[in-house]
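**Q** Here it is, the structure, as structure tokens.
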Amino acid sequence: MNSQNVVREGAITLGIYIGTLLISLLVPLVGVVTFLFLPFPFIYFSYKYELRAGVILGLLSFLLLAIFFGPLAVPITLLFSVTGIVIGALFRRKEGGFPVLLGGSLSFIASIVLIYIGTIVFLNVNPIDDLQNAMYEQTEIMLDLPFVSGQSEEEALTEAVHDIIEEIGVIAPYLIVIMGVGLALVVQLIAYWLLKKKAYPVIGFPPVREWGFPKSFIWYYLITYLFIIIGVTEGTAMYTAIANLMPMLELIMVIQGFAFIFFYTYMKRINRILPVFLVILGILFPIFLHVVRILGIIDLGFDLRKRINPQN
């Protein structure tokens with residue numbers, strides 16, 4: 001490996017990163033898209049020149065950003081550099097789609113948690129509280145609109161909206177996990193596409209029909225659901241745990257259900273457009289997801305795929 005080539009390409013990669021970051025910060029509409037490409041320079045460099053080179057590039061980017069942005073360099077580096085280095089290193093080790101997603105998700109989640117703690121400790125600002133206060137203010141504005149008529153209707157609507165806003169503080173861990181996994185997934189897919197275009201060998205996700213979770217998840221789901229039936233006192237640690245676990249487990253069951261639909265249509269040689277259409281239908285009409293979740297529970301609990309295809 002020619003060290004001069006590494007240094008030259010590192011400088012170019014760092015320049016691309018800084019340029020993309022400036023676009024993301026200064027051009028609002030375009031920045032929404034370029035924001036998702038920010039980890040890629042580190043993914044590419046860690047993939048091509050190993051983990052150590054990626055770490056050095058990350059440190060250089062932090063030092064450069066610290067000069068121009070000051071303390072803002074810390075959250076930027078945590079979100080993009082660290083995650084990019086982790087994903088790039090995992091791609092280089094020829095890890096499959098799910099291990100890469102796990103590494104990227106944990107990096108994003110850890111970064112978000114550290115940034116959240118940092119804003120509380122150093123800035124004395126709680127982002128969740130600020131979000132809730134802003135939503136309360138928007139609620140007051142909304143209730144002044146003409147379509148809200150009558151004191152009873154206003155009180156009912158206010159109570160319902162306030163309950164939702166208060167719940168955000170309870171399910172904050174779930175929201176952070178979903179945000180971290182979602183960002184990691186999008187970044188991973190972009191990186192996979194870009195590396196493939198450059199003819200680098202990378203391993204993607206297996207077909208959706210092969211996706212599945214360990215059978216133990218069905219017990220986690222049933223035990224959590226049992227606590228909901230029994231009832232848990234609001235404000236307790238158990239209530240917070242259940243409130244965060246349940247939506248995660250429901251999402252897992254939905255994914256399991258869609259995976260079964262893809263498997264079934266594949267085995268029966270049904271046009272692949274059908275399962276894709278059902279996924280879109282579930283996104284547009286979430287009530288349909290209840291059926292998919294039940295299907296996922298049955299598949300996970302009774303091994304439907306093995307019953308359809310004993311060789312599976």
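Identifiers for the structure tokens are assigned positionally: chains receive A, B, ... in sequence, residues are indexed from 1 per chain, and ligands are indexed from 1 in the order shown.
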Please, which residues in stretch 42-70 of chain A fall within 12 Å of stretch 180-190 of chain A when counting only C-alpha atoms, and what is the closest atom pair and distance in Å to one decimal for each, ordered by chain then residue number, as a tab-separated table?

**A**
```
residue	atom	partner	partner_atom	distance
A:Phe42	CA	A:Val187	CA	11.7
A:Ile43	CA	A:Gln188	CA	9.3
A:Tyr44	CA	A:Ile190	CA	11.5
```

**Q** Which residues come within 7 Å of A:Ile261, counting only C-alpha atoms, excluding same-chain residues fewer than 4 positions away, as a ChimeraX atom specification?

**A** /A:257,265,275

**Q** If you measure from atom CA of A:Lys268 to atom CA of A:Arg305, what distance in Å do you get, rounded to one decimal?

**A** 12.1 Å

**Q** Please compute the atom CA of A:Arg293-atom CA of A:Leu251 distance, one decimal, in Å.

**A**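 It comes out at 7.9 Å.
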
**Q** DSSP on the backbone: what in stretch 144-264 of chain A comes out alpha helix (DSSP H), as number ranges by chain?

**A** A: 151-170, 172-197, 216-230, 237-264

**Q** What does the distance between atom CA of A:Gly169 and atom CA of A:Leu284 come to in Å, to one decimal place?

**A** 26.2 Å

**Q** Using only C-alpha atoms, find each residue in stretch 67-105 of chain A having at least one atom no more than 12 Å away from stretch 117-132 of chain A; report its shortest atom-to-atom pair and that distance in Å (one decimal), rows by chain then rising number, as a Markdown table.

**A**
```
| residue | atom | partner | partner_atom | distance |
| --- | --- | --- | --- | --- |
| A:Pro71 | CA | A:Phe122 | CA | 10.4 |
| A:Leu72 | CA | A:Thr119 | CA | 11.0 |
| A:Val74 | CA | A:Gly118 | CA | 9.7 |
| A:Pro75 | CA | A:Gly118 | CA | 9.0 |
| A:Leu78 | CA | A:Gly118 | CA | 11.8 |
```

**Q** Could you take the residues named above and write them with N, CA and C atoms, as a short mmCIF file (atom, residue, chain, number, x, y, z; two decimals), in the first residue's frame?

**A**
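Wrote it out as selection_5.cif, contents follow:
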```
data_model
loop_
_atom_site.label_atom_id
_atom_site.label_comp_id
_atom_site.auth_asym_id
_atom_site.auth_seq_id
_atom_site.Cartn_x
_atom_site.Cartn_y
_atom_site.Cartn_z
N PRO A 71 -17.45 23.29 19.86
CA PRO A 71 -18.07 22.12 20.52
C PRO A 71 -19.01 21.33 19.61
N LEU A 72 -19.54 21.98 18.57
CA LEU A 72 -20.45 21.29 17.66
C LEU A 72 -19.76 20.12 16.95
N VAL A 74 -18.20 17.71 18.28
CA VAL A 74 -18.38 16.45 19.01
C VAL A 74 -19.60 15.68 18.51
N PRO A 75 -20.81 16.27 18.52
CA PRO A 75 -21.97 15.50 18.04
C PRO A 75 -21.87 15.14 16.56
N LEU A 78 -19.54 12.14 16.35
CA LEU A 78 -20.17 10.94 16.89
C LEU A 78 -21.18 10.35 15.92
#
```

**Q** Check the smallest atom-to-atom distance from each of A:Leu226, A:Glu166, A:Tyr17, A:Gly296 to A:Trp211 using only C-alpha atoms, then report the winner.

**A**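 Looking only at the distances to A:Trp211, the closest residue turns out to be A:Gly296.
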
**Q** Excluding same-chain residues fewer than 3 positions from A:His290, what lies within 12 Å of it counting only C-alpha atoms, as a list in words?

**A** Glu250, Leu251, Met253, Val254, Ile255, Gly257, Phe258, Gly282, Ile283, Phe285, Pro286, Ile287, Arg293, Ile294, Leu295, Gly296 and Ile297 of chain A

**Q** Neighbouring residues of A:Gly10 were defined as those with any atom within 12 Å, considering only C-alpha atoms; residues of the same chain fewer than 5 positions away were excluded. Please report them as a PyMOL selection string.

**A** chain A and resi 3-5+15-17+41-42+44-46+48-49+53-61

**Q** For C-alpha atoms, I'd like the residues from the last selection saved as a JSON list (two decimals), in the first residue's frame.

**A**
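selection-v5.json was written with the following content:
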```
[["chain", "number", "residue", "atom", "x", "y", "z"],
["A", 3, "SER", "CA", 1.43, 5.71, 1.86],
["A", 4, "GLN", "CA", 1.42, 8.74, -0.44],
["A", 5, "ASN", "CA", -1.68, 7.45, -2.22],
["A", 15, "GLY", "CA", -12.57, 17.39, 1.58],
["A", 16, "ILE", "CA", -15.66, 15.61, 0.24],
["A", 17, "TYR", "CA", -16.90, 15.08, 3.79],
["A", 41, "PRO", "CA", -16.56, 9.01, 3.19],
["A", 42, "PHE", "CA", -15.64, 7.15, 6.40],
["A", 44, "TYR", "CA", -15.38, 4.08, 1.99],
["A", 45, "PHE", "CA", -12.04, 4.89, 3.62],
["A", 46, "SER", "CA", -12.43, 2.27, 6.39],
["A", 48, "LYS", "CA", -10.59, 0.39, 1.43],
["A", 49, "TYR", "CA", -7.76, 1.09, 3.90],
["A", 53, "ALA", "CA", -7.00, 4.43, 8.49],
["A", 54, "GLY", "CA", -10.68, 5.18, 9.07],
["A", 55, "VAL", "CA", -10.01, 6.09, 12.73],
["A", 56, "ILE", "CA", -7.19, 8.45, 11.71],
["A", 57, "LEU", "CA", -9.46, 10.10, 9.14],
["A", 58, "GLY", "CA", -12.16, 10.45, 11.81],
["A", 59, "LEU", "CA", -9.72, 12.11, 14.24],
["A", 60, "LEU", "CA", -8.52, 14.51, 11.55],
["A", 61, "SER", "CA", -12.10, 15.43, 10.69]]
```

**Q** Nearest residue to A:Ile141 out of A:Thr20, A:Thr158, A:Thr77, A:Ala199, using only C-alpha atoms?

**A**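 Result for the nearest residue to A:Ile141: A:Thr158.
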
**Q** Can you list, as number ranges by chain, every protein, DNA or RNA residue that comes within 12 Å of A:Gly204 when you count only C-alpha atoms, leaving out same-chain residues fewer than 3 positions away?

**A** A: 90-91, 94-101, 185, 188-193, 195-196, 201, 207-208

**Q** Quick one: residues within 8 Å of A:Pro39, only C-alpha atoms, excluding same-chain residues fewer than 4 positions away - as JSON, numbers by chain?

**A** {"A": [43, 80, 81, 83, 84, 85, 187]}

**Q** Give me the residues within 10 Å of A:Tyr221 as JSON, numbers by chain, counting only C-alpha atoms and dropping any in the same chain fewer than 3 places off.

**A** {"A": [216, 217, 218, 224, 225, 226, 245, 246, 247, 248, 249, 250, 252, 253, 297]}

**Q** Those selected residues, please, written with N, CA and C atoms and delivered as a PDB file, in the first residue's frame.

**A**
```pdb
ATOM      1  N   SER A 216     -37.611 -17.283  20.757  1.00  0.00           N
ATOM      2  CA  SER A 216     -37.749 -16.729  22.111  1.00  0.00           C
ATOM      3  C   SER A 216     -38.498 -15.405  22.111  1.00  0.00           C
ATOM      4  N   PHE A 217     -38.506 -14.703  20.968  1.00  0.00           N
ATOM      5  CA  PHE A 217     -39.188 -13.412  20.906  1.00  0.00           C
ATOM      6  C   PHE A 217     -40.684 -13.556  21.125  1.00  0.00           C
ATOM      7  N   ILE A 218     -41.245 -14.715  20.773  1.00  0.00           N
ATOM      8  CA  ILE A 218     -42.677 -14.910  20.971  1.00  0.00           C
ATOM      9  C   ILE A 218     -42.994 -14.924  22.469  1.00  0.00           C
ATOM     10  N   THR A 224     -44.821  -9.696  27.902  1.00  0.00           N
ATOM     11  CA  THR A 224     -45.077  -8.250  27.915  1.00  0.00           C
ATOM     12  C   THR A 224     -46.566  -7.962  27.783  1.00  0.00           C
ATOM     13  N   TYR A 225     -47.223  -8.710  26.895  1.00  0.00           N
ATOM     14  CA  TYR A 225     -48.664  -8.522  26.697  1.00  0.00           C
ATOM     15  C   TYR A 225     -49.437  -8.906  27.959  1.00  0.00           C
ATOM     16  N   LEU A 226     -48.949  -9.908  28.676  1.00  0.00           N
ATOM     17  CA  LEU A 226     -49.589 -10.329  29.919  1.00  0.00           C
ATOM     18  C   LEU A 226     -49.538  -9.207  30.955  1.00  0.00           C
ATOM     19  N   LEU A 245     -40.968  -1.666  25.507  1.00  0.00           N
ATOM     20  CA  LEU A 245     -40.791  -3.010  24.952  1.00  0.00           C
ATOM     21  C   LEU A 245     -41.907  -3.380  23.984  1.00  0.00           C
ATOM     22  N   MET A 246     -43.145  -3.019  24.318  1.00  0.00           N
ATOM     23  CA  MET A 246     -44.283  -3.484  23.537  1.00  0.00           C
ATOM     24  C   MET A 246     -44.230  -3.017  22.088  1.00  0.00           C
ATOM     25  N   PRO A 247     -44.016  -1.719  21.817  1.00  0.00           N
ATOM     26  CA  PRO A 247     -43.964  -1.314  20.400  1.00  0.00           C
ATOM     27  C   PRO A 247     -42.800  -1.938  19.644  1.00  0.00           C
ATOM     28  N   MET A 248     -41.673  -2.174  20.331  1.00  0.00           N
ATOM     29  CA  MET A 248     -40.543  -2.839  19.675  1.00  0.00           C
ATOM     30  C   MET A 248     -40.911  -4.263  19.278  1.00  0.00           C
ATOM     31  N   LEU A 249     -41.532  -4.991  20.212  1.00  0.00           N
ATOM     32  CA  LEU A 249     -41.908  -6.370  19.935  1.00  0.00           C
ATOM     33  C   LEU A 249     -43.013  -6.445  18.888  1.00  0.00           C
ATOM     34  N   GLU A 250     -43.925  -5.484  18.898  1.00  0.00           N
ATOM     35  CA  GLU A 250     -44.974  -5.463  17.872  1.00  0.00           C
ATOM     36  C   GLU A 250     -44.358  -5.241  16.494  1.00  0.00           C
ATOM     37  N   ILE A 252     -41.351  -6.095  15.597  1.00  0.00           N
ATOM     38  CA  ILE A 252     -40.677  -7.357  15.256  1.00  0.00           C
ATOM     39  C   ILE A 252     -41.676  -8.355  14.685  1.00  0.00           C
ATOM     40  N   MET A 253     -42.845  -8.446  15.295  1.00  0.00           N
ATOM     41  CA  MET A 253     -43.868  -9.375  14.807  1.00  0.00           C
ATOM     42  C   MET A 253     -44.395  -8.964  13.431  1.00  0.00           C
ATOM     43  N   ILE A 297     -46.935 -13.568  14.541  1.00  0.00           N
ATOM     44  CA  ILE A 297     -46.985 -14.321  15.807  1.00  0.00           C
ATOM     45  C   ILE A 297     -47.216 -15.803  15.528  1.00  0.00           C
TER      46      ILE A 297
END
```

**Q** Measuring between only C-alpha atoms, which one of A:Asn309, A:Ser24, A:Thr240, A:Gln138 shows the shortest distance to A:Ile171?

**A**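 Closest candidate: A:Thr240.
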
**Q** Counting only C-alpha atoms, figure out which residue out of A:Asp163, A:Gly231, A:Ile109, A:Ile115 gets nearest to A:Ile76.

**A**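 Closest to A:Ile76, using only C-alpha atoms: A:Ile115.
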